[in-house]
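In what follows, a single structure is set out as structure tokens and then discussed.
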Amino acid sequence: MQHTYSLSRRLAGFLVGLSLFAAAPAWAQGDLLGQLEEQAPTAQTPGYVDATFKSTRLINGHTVQTPGQGTMIFLISHRFGTLNSGAYNFFGLDQATTRLGLEYGITDLLTVGIGRSSLEKAFDGFIKYKAIRQRTGAGGSPVSVTLLGSTAVNTLRYSGDAFDRTFTRRSTYTAQALVARKFSPSLSVQFMPTMVHNNLVATEQDPNDVYALGFAGRQKLTKRTSLNAEYYYLLPDSRPTGVRNALALGVDLETGGHVFQLHVTNAQGLIEKSFVQQTRGNFFDGDIYFGFIVNRNFTVRPKAGFRK
Amino acid sequence: MKNLTWWSLLIVMLCMAPDTWAQKYMTRTGTVTFYSTSIIEDIEARTEQVSAVVDVQSSQLAFAIPIKSFQFKRTLMQEHFNENYMESERFPKATFSGRVVDLHPDALFKGGSQRVNVEGDLTIHGVTKRITVPGALEMSRGTLLVHAYFNVSPADYGIEVPLLVRENIAKTVGIRVSLSCDPVSQLTLSK
């Protein structure tokens, strides 16, 4: 009898001790914030890397950026004549090519755009899709990939030309993959394999399909300004005669709803079809076009749950 | 007789245990909204990814907000918020860690809302400031509701507003916190 009493007493003591032990951590006041951070890692937020570039355009070409759902961007692209055209032409300011464009984000990933250039009185339209987004953390994509398909139609009048210039013959198509990586908040690099298909070319020697490799980068100078460079290298077999690689240098200035982009380049055209395969200027001989792009963003459709 | 004392003590201990476990309340889907009102434009942003923990016993509370989870009406605003103002790649989180100064747990468990003051360290954009803000606590069907509205001045947290857009952003930004915390046991919390 004495034995059982002692056993049950010991058992009870053990259980009391156990329950004290279980309750003990509740009384020990650790760092609540520390516990919270352990509990709720930021895994809920997808670590998408954004703002790889300041605008949907770098200088001549597109960037991986898309406007975002419900956002309309109005783009005014303006390019003067060459600097070496002399005082008579006021160093290029007398001549200008412009493109007015609109692009709209149907979703955060899908964009459509239209534009009209004064060069060749060309109308262009494009579809742009953000296929892969760069993500931080393990398992994330190291790069962003955006796919671009665009069409341009030359609407010049050809007088005294017996040749029948049908719509198809006036059309040019561009397919481009934009692969970009934001290495740091200030440095982003982009690689752009590009193909331009011409339904009609000027001479028999000119290729219908032109292939180019584009390289671009931006280095932020301050939070709101950046230095940009862009270069399109034409693959030797597909280079039309007399055509040079397009080189461009620029600066982005960002204000509230605007981005001002100033640049110098040896390309006169403002759309893929023109600057990739029709650049004839020699940058180092002073065939430099000064130009700028003004981007204005409008929120056409605010995000759900916000007032207009 | 001694045997009985031990057993009753054990029963008391076991009954007390669940109570001590339910002293902590937690959420991972709390809401924080902020408003900036100026002559030129109103800016509003919201996140529903606030994680928070409130310890009713010790009056302590903490919350953490992933900055990138804030949603804005305009995509560009959101981008500027992260890129230029909050620098969310460098400072991914805003945190608060402090205590409820005048909490009455017994009254809280009996029901009814309670106006309280919360004192603690608010860290935004890598800058920590000690603040005291008014709030309200309410226990509703086992869920702890926490509400607070207070103002924060971006300048205090080293958030620079360039001259050009100075008129667009308010000097003080109103912050609304709304949490609905469920009870957690100590065991799940420390896992």
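In the structure tokens, the first chain shown is A, the next is B, and so on; residue numbers restart at 1 for each chain, and ligands run from 1 in the order shown.
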Practice item. Would you please give, as a VMD selection string, all residues of region 82-178 of chain B that DSSP assigns to helix (DSSP H, G or I) based on the backbone? Key: chain B and resid 82 to 85 105 to 110 154 to 157 163 to 165
Exercise for review: Could you give me, as a PyMOL selection string, each residue of region 101-150 of chain A that DSSP assigns to strand (DSSP E or B) when run on this structure's backbone?
Suggested key: chain A and resi 101-105+110-117+123-132+135+144-150
Counting only C-alpha atoms, a student should be able to say which residues of chain A come within 6 Å of chain B; what is the right answer, written as a short mmCIF file (atom, residue, chain, number, x, y, z; two decimals) with N, CA, C and O atoms, in the first residue's frame?
```
data_model
loop_
_atom_site.label_atom_id
_atom_site.label_comp_id
_atom_site.auth_asym_id
_atom_site.auth_seq_id
_atom_site.Cartn_x
_atom_site.Cartn_y
_atom_site.Cartn_z
N VAL A 16 2.67 17.22 -12.90
CA VAL A 16 2.67 18.65 -12.54
C VAL A 16 3.89 19.33 -13.17
O VAL A 16 3.79 20.39 -13.79
N LEU A 33 8.73 40.40 -31.86
CA LEU A 33 8.96 40.70 -33.27
C LEU A 33 9.81 39.62 -33.92
O LEU A 33 9.54 39.19 -35.04
N GLY A 68 1.51 47.97 -67.16
CA GLY A 68 0.71 47.54 -66.02
C GLY A 68 -0.77 47.69 -66.34
O GLY A 68 -1.17 48.56 -67.13
N LYS A 223 18.44 58.53 -58.01
CA LYS A 223 17.19 57.77 -57.96
C LYS A 223 16.32 58.03 -59.17
O LYS A 223 15.53 57.20 -59.57
N PRO A 302 -8.32 52.26 -62.87
CA PRO A 302 -7.58 52.08 -61.62
C PRO A 302 -7.71 50.63 -61.13
O PRO A 302 -8.65 49.94 -61.49
N LYS A 303 -6.78 50.23 -60.31
CA LYS A 303 -6.85 48.88 -59.75
C LYS A 303 -8.11 48.72 -58.92
O LYS A 303 -8.63 49.69 -58.36
N PHE A 306 -10.10 50.89 -55.70
CA PHE A 306 -9.68 52.27 -55.50
C PHE A 306 -10.65 53.20 -56.22
O PHE A 306 -11.21 52.86 -57.25
#
```
Revision key, fill the gap. Pairwise distance, CA of Ser159 (chain A) with CA of Tyr88 (chain A), equals 29.7 Å
Exercise for review: Could you give me, as a VMD selection string, the residues within 7 Å of Thr279 (chain A), counting only C-alpha atoms and dropping anything in the same chain fewer than 5 positions from it?
Suggested key: chain A and resid 243 to 246 266 to 268 274
Point to revise | Residue contacts of Glu230 (chain A) (10 Å, only C-alpha atoms) excluding same-chain residues fewer than 5 positions away, as a PyMOL selection string | key: chain A and resi 58-61+189-191+214-218+246-250+265
Keeping N, CA, C and O atoms, export the residues of the selection given above as a tab-separated table (two decimals), in the first residue's frame.
```tsv
chain	number	residue	atom	x	y	z
A	58	LEU	N	13.83	52.03	-74.19
A	58	LEU	CA	15.12	52.44	-73.65
A	58	LEU	C	15.60	53.67	-74.43
A	58	LEU	O	15.64	54.76	-73.91
A	59	ILE	N	15.90	53.45	-75.71
A	59	ILE	CA	16.25	54.60	-76.55
A	59	ILE	C	15.50	54.42	-77.87
A	59	ILE	O	14.50	55.07	-78.11
A	60	ASN	N	15.99	53.49	-78.69
A	60	ASN	CA	15.27	53.17	-79.91
A	60	ASN	C	14.25	52.08	-79.66
A	60	ASN	O	13.11	52.15	-80.09
A	61	GLY	N	14.70	51.06	-78.97
A	61	GLY	CA	13.89	49.86	-78.84
A	61	GLY	C	13.11	49.77	-77.54
A	61	GLY	O	13.18	50.64	-76.68
A	189	VAL	N	20.72	45.18	-67.42
A	189	VAL	CA	21.28	44.85	-68.72
A	189	VAL	C	20.23	44.08	-69.51
A	189	VAL	O	19.47	43.29	-68.95
A	190	GLN	N	20.18	44.34	-70.81
A	190	GLN	CA	19.18	43.68	-71.64
A	190	GLN	C	19.82	43.15	-72.92
A	190	GLN	O	20.69	43.80	-73.50
A	191	PHE	N	19.34	42.00	-73.36
A	191	PHE	CA	19.81	41.35	-74.58
A	191	PHE	C	18.61	41.14	-75.48
A	191	PHE	O	17.57	40.66	-75.01
A	214	GLY	N	20.67	42.62	-80.21
A	214	GLY	CA	20.71	43.92	-79.54
A	214	GLY	C	21.26	43.77	-78.13
A	214	GLY	O	21.06	42.75	-77.46
A	215	PHE	N	22.00	44.79	-77.71
A	215	PHE	CA	22.54	44.83	-76.36
A	215	PHE	C	22.19	46.19	-75.76
A	215	PHE	O	22.30	47.20	-76.45
A	216	ALA	N	21.77	46.19	-74.51
A	216	ALA	CA	21.42	47.47	-73.90
A	216	ALA	C	21.71	47.43	-72.42
A	216	ALA	O	21.79	46.36	-71.82
A	217	GLY	N	21.85	48.59	-71.85
A	217	GLY	CA	22.08	48.66	-70.41
A	217	GLY	C	21.70	50.02	-69.88
A	217	GLY	O	21.64	51.00	-70.62
A	218	ARG	N	21.41	50.04	-68.59
A	218	ARG	CA	21.19	51.33	-67.96
A	218	ARG	C	21.90	51.34	-66.61
A	218	ARG	O	21.98	50.33	-65.92
A	246	ALA	N	23.04	50.10	-85.31
A	246	ALA	CA	22.49	51.27	-84.61
A	246	ALA	C	23.07	51.37	-83.21
A	246	ALA	O	23.02	50.43	-82.43
A	247	LEU	N	23.65	52.54	-82.95
A	247	LEU	CA	24.22	52.80	-81.62
A	247	LEU	C	23.49	53.99	-81.02
A	247	LEU	O	23.18	54.95	-81.72
A	248	ALA	N	23.19	53.91	-79.76
A	248	ALA	CA	22.47	55.03	-79.13
A	248	ALA	C	22.90	55.18	-77.69
A	248	ALA	O	23.16	54.20	-76.99
A	249	LEU	N	22.98	56.43	-77.26
A	249	LEU	CA	23.30	56.75	-75.87
A	249	LEU	C	22.24	57.72	-75.36
A	249	LEU	O	21.80	58.60	-76.11
A	250	GLY	N	21.83	57.54	-74.13
A	250	GLY	CA	20.75	58.40	-73.66
A	250	GLY	C	20.74	58.61	-72.16
A	250	GLY	O	21.46	57.96	-71.41
A	265	THR	N	21.89	59.27	-81.35
A	265	THR	CA	21.98	57.98	-82.04
A	265	THR	C	22.29	58.21	-83.51
A	265	THR	O	22.10	59.32	-84.02
```
Check your understanding: Of the candidates B:Asp121, B:Val100, B:Ile175, B:Gly30, which one gets nearest to Val152 (chain B) if we count only C-alpha atoms?
Key ->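 Looking at the shortest contact to Val152 (chain B), the residue is B:Ile175.
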Exercise for review: Excluding Val294 (chain A) and any residue of its chain fewer than 2 positions from it, enumerate the residues within 7 Å of it, using only C-alpha atoms, and give them as JSON, numbers by chain.
Suggested key: {"A": [75, 76, 77, 258, 259, 260, 261, 292, 296]}
Would you write out those residues with C-alpha atoms, as a compact mmCIF listing (two decimals), in the first residue's frame?
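Final output, result_35.txt:
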```txt
# COMPACT_ATOMS: atom_id res chain seq x y z
CA LEU A 75 4.68 58.52 -76.10
CA ILE A 76 5.99 61.43 -78.10
CA SER A 77 9.19 60.42 -79.82
CA HIS A 258 6.53 61.71 -66.86
CA VAL A 259 9.75 60.20 -68.07
CA PHE A 260 11.89 62.39 -70.30
CA GLN A 261 14.41 60.50 -72.32
CA PHE A 292 13.93 62.79 -77.06
CA ARG A 296 3.08 60.38 -70.00
```
Check your understanding: A:Val201, A:Leu32, A:Leu227, A:Leu119: which is nearest Thr98 (chain A), counting only C-alpha atoms?
Key -> A:Leu119
Exercise for review: Considering only C-alpha atoms, state which residue in the set B:Arg130, B:Arg176, B:Lys171, B:His125 is at the smallest distance from His147 (chain B).
Suggested key: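 Smallest separation from His147 (chain B) among the options: B:Arg176.
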Selection near Asp106 (chain B), 12 Å with only C-alpha atoms, sequence-local residues under 6 positions removed, as a PDB file with all heavy atoms, in the first residue's frame:
```
ATOM      1  N   GLN B  23      -3.063  33.227 -24.718  1.00  0.00           N
ATOM      2  CA  GLN B  23      -2.740  34.625 -24.445  1.00  0.00           C
ATOM      3  C   GLN B  23      -2.216  35.332 -25.689  1.00  0.00           C
ATOM      4  O   GLN B  23      -2.175  36.546 -25.749  1.00  0.00           O
ATOM      5  CB  GLN B  23      -1.719  34.719 -23.334  1.00  0.00           C
ATOM      6  CG  GLN B  23      -0.373  34.144 -23.732  1.00  0.00           C
ATOM      7  CD  GLN B  23       0.681  34.403 -22.710  1.00  0.00           C
ATOM      8  OE1 GLN B  23       0.621  35.400 -22.017  1.00  0.00           O
ATOM      9  NE2 GLN B  23       1.637  33.502 -22.602  1.00  0.00           N
ATOM     10  N   VAL B  56      -1.661  39.220 -25.041  1.00  0.00           N
ATOM     11  CA  VAL B  56      -2.593  39.911 -24.156  1.00  0.00           C
ATOM     12  C   VAL B  56      -2.072  39.914 -22.714  1.00  0.00           C
ATOM     13  O   VAL B  56      -2.224  40.876 -21.980  1.00  0.00           O
ATOM     14  CB  VAL B  56      -3.991  39.252 -24.242  1.00  0.00           C
ATOM     15  CG1 VAL B  56      -4.945  39.899 -23.259  1.00  0.00           C
ATOM     16  CG2 VAL B  56      -4.529  39.363 -25.650  1.00  0.00           C
ATOM     17  N   GLN B  57      -1.414  38.822 -22.336  1.00  0.00           N
ATOM     18  CA  GLN B  57      -0.910  38.682 -20.976  1.00  0.00           C
ATOM     19  C   GLN B  57       0.155  39.736 -20.640  1.00  0.00           C
ATOM     20  O   GLN B  57       0.088  40.399 -19.624  1.00  0.00           O
ATOM     21  CB  GLN B  57      -0.292  37.283 -20.808  1.00  0.00           C
ATOM     22  CG  GLN B  57      -0.351  36.769 -19.399  1.00  0.00           C
ATOM     23  CD  GLN B  57      -1.743  36.237 -19.065  1.00  0.00           C
ATOM     24  OE1 GLN B  57      -2.565  36.010 -19.948  1.00  0.00           O
ATOM     25  NE2 GLN B  57      -2.020  36.037 -17.788  1.00  0.00           N
ATOM     26  N   GLY B 112     -16.625  43.881 -25.218  1.00  0.00           N
ATOM     27  CA  GLY B 112     -16.624  45.334 -25.309  1.00  0.00           C
ATOM     28  C   GLY B 112     -15.294  45.830 -25.821  1.00  0.00           C
ATOM     29  O   GLY B 112     -14.267  45.194 -25.603  1.00  0.00           O
ATOM     30  N   GLN B 114     -12.083  48.428 -26.215  1.00  0.00           N
ATOM     31  CA  GLN B 114     -11.271  49.132 -25.239  1.00  0.00           C
ATOM     32  C   GLN B 114     -10.361  50.119 -25.968  1.00  0.00           C
ATOM     33  O   GLN B 114      -9.662  49.750 -26.908  1.00  0.00           O
ATOM     34  CB  GLN B 114     -10.400  48.080 -24.536  1.00  0.00           C
ATOM     35  CG  GLN B 114     -10.148  48.348 -23.089  1.00  0.00           C
ATOM     36  CD  GLN B 114      -9.362  47.188 -22.475  1.00  0.00           C
ATOM     37  OE1 GLN B 114      -8.148  47.236 -22.388  1.00  0.00           O
ATOM     38  NE2 GLN B 114     -10.060  46.149 -22.060  1.00  0.00           N
ATOM     39  N   GLU B 138     -10.662  44.840 -29.264  1.00  0.00           N
ATOM     40  CA  GLU B 138     -11.972  44.247 -29.009  1.00  0.00           C
ATOM     41  C   GLU B 138     -11.867  42.741 -29.178  1.00  0.00           C
ATOM     42  O   GLU B 138     -11.211  42.259 -30.099  1.00  0.00           O
ATOM     43  CB  GLU B 138     -12.994  44.814 -29.998  1.00  0.00           C
ATOM     44  CG  GLU B 138     -14.417  44.399 -29.661  1.00  0.00           C
ATOM     45  CD  GLU B 138     -15.417  44.846 -30.723  1.00  0.00           C
ATOM     46  OE1 GLU B 138     -15.075  45.730 -31.535  1.00  0.00           O
ATOM     47  OE2 GLU B 138     -16.517  44.295 -30.725  1.00  0.00           O
ATOM     48  N   MET B 139     -12.502  42.021 -28.247  1.00  0.00           N
ATOM     49  CA  MET B 139     -12.518  40.570 -28.358  1.00  0.00           C
ATOM     50  C   MET B 139     -13.883  40.180 -28.908  1.00  0.00           C
ATOM     51  O   MET B 139     -14.908  40.510 -28.322  1.00  0.00           O
ATOM     52  CB  MET B 139     -12.296  39.957 -26.975  1.00  0.00           C
ATOM     53  CG  MET B 139     -12.000  38.482 -26.991  1.00  0.00           C
ATOM     54  SD  MET B 139     -10.454  38.091 -27.828  1.00  0.00           S
ATOM     55  CE  MET B 139      -9.315  38.452 -26.508  1.00  0.00           C
TER      56      MET B 139
END
```
Non-local contacts of Met195 (chain A) (6 Å; only C-alpha atoms; under 2 positions in same chain excluded) as a PDB file with N, CA and C atoms, in the first residue's frame:
```pdb
ATOM      1  N   THR A 174       8.287  42.455 -87.211  1.00  0.00           N
ATOM      2  CA  THR A 174       9.433  42.289 -86.316  1.00  0.00           C
ATOM      3  C   THR A 174       9.057  41.340 -85.189  1.00  0.00           C
ATOM      4  N   ALA A 175       9.950  40.404 -84.928  1.00  0.00           N
ATOM      5  CA  ALA A 175       9.785  39.539 -83.755  1.00  0.00           C
ATOM      6  C   ALA A 175      11.023  39.743 -82.899  1.00  0.00           C
ATOM      7  N   VAL A 210      16.088  39.981 -91.837  1.00  0.00           N
ATOM      8  CA  VAL A 210      17.273  40.596 -91.240  1.00  0.00           C
ATOM      9  C   VAL A 210      17.347  40.163 -89.783  1.00  0.00           C
ATOM     10  N   TYR A 211      18.506  39.657 -89.390  1.00  0.00           N
ATOM     11  CA  TYR A 211      18.695  39.210 -88.009  1.00  0.00           C
ATOM     12  C   TYR A 211      19.665  40.137 -87.290  1.00  0.00           C
TER      13      TYR A 211
END
```
Point to revise | Nearest to Ser117 (chain A) by atom-to-atom distance, counting only C-alpha atoms, from A:Leu270, A:Gly139, A:Arg181, A:Arg79 | key: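 Closest to Ser117 (chain A), using only C-alpha atoms: A:Leu270.
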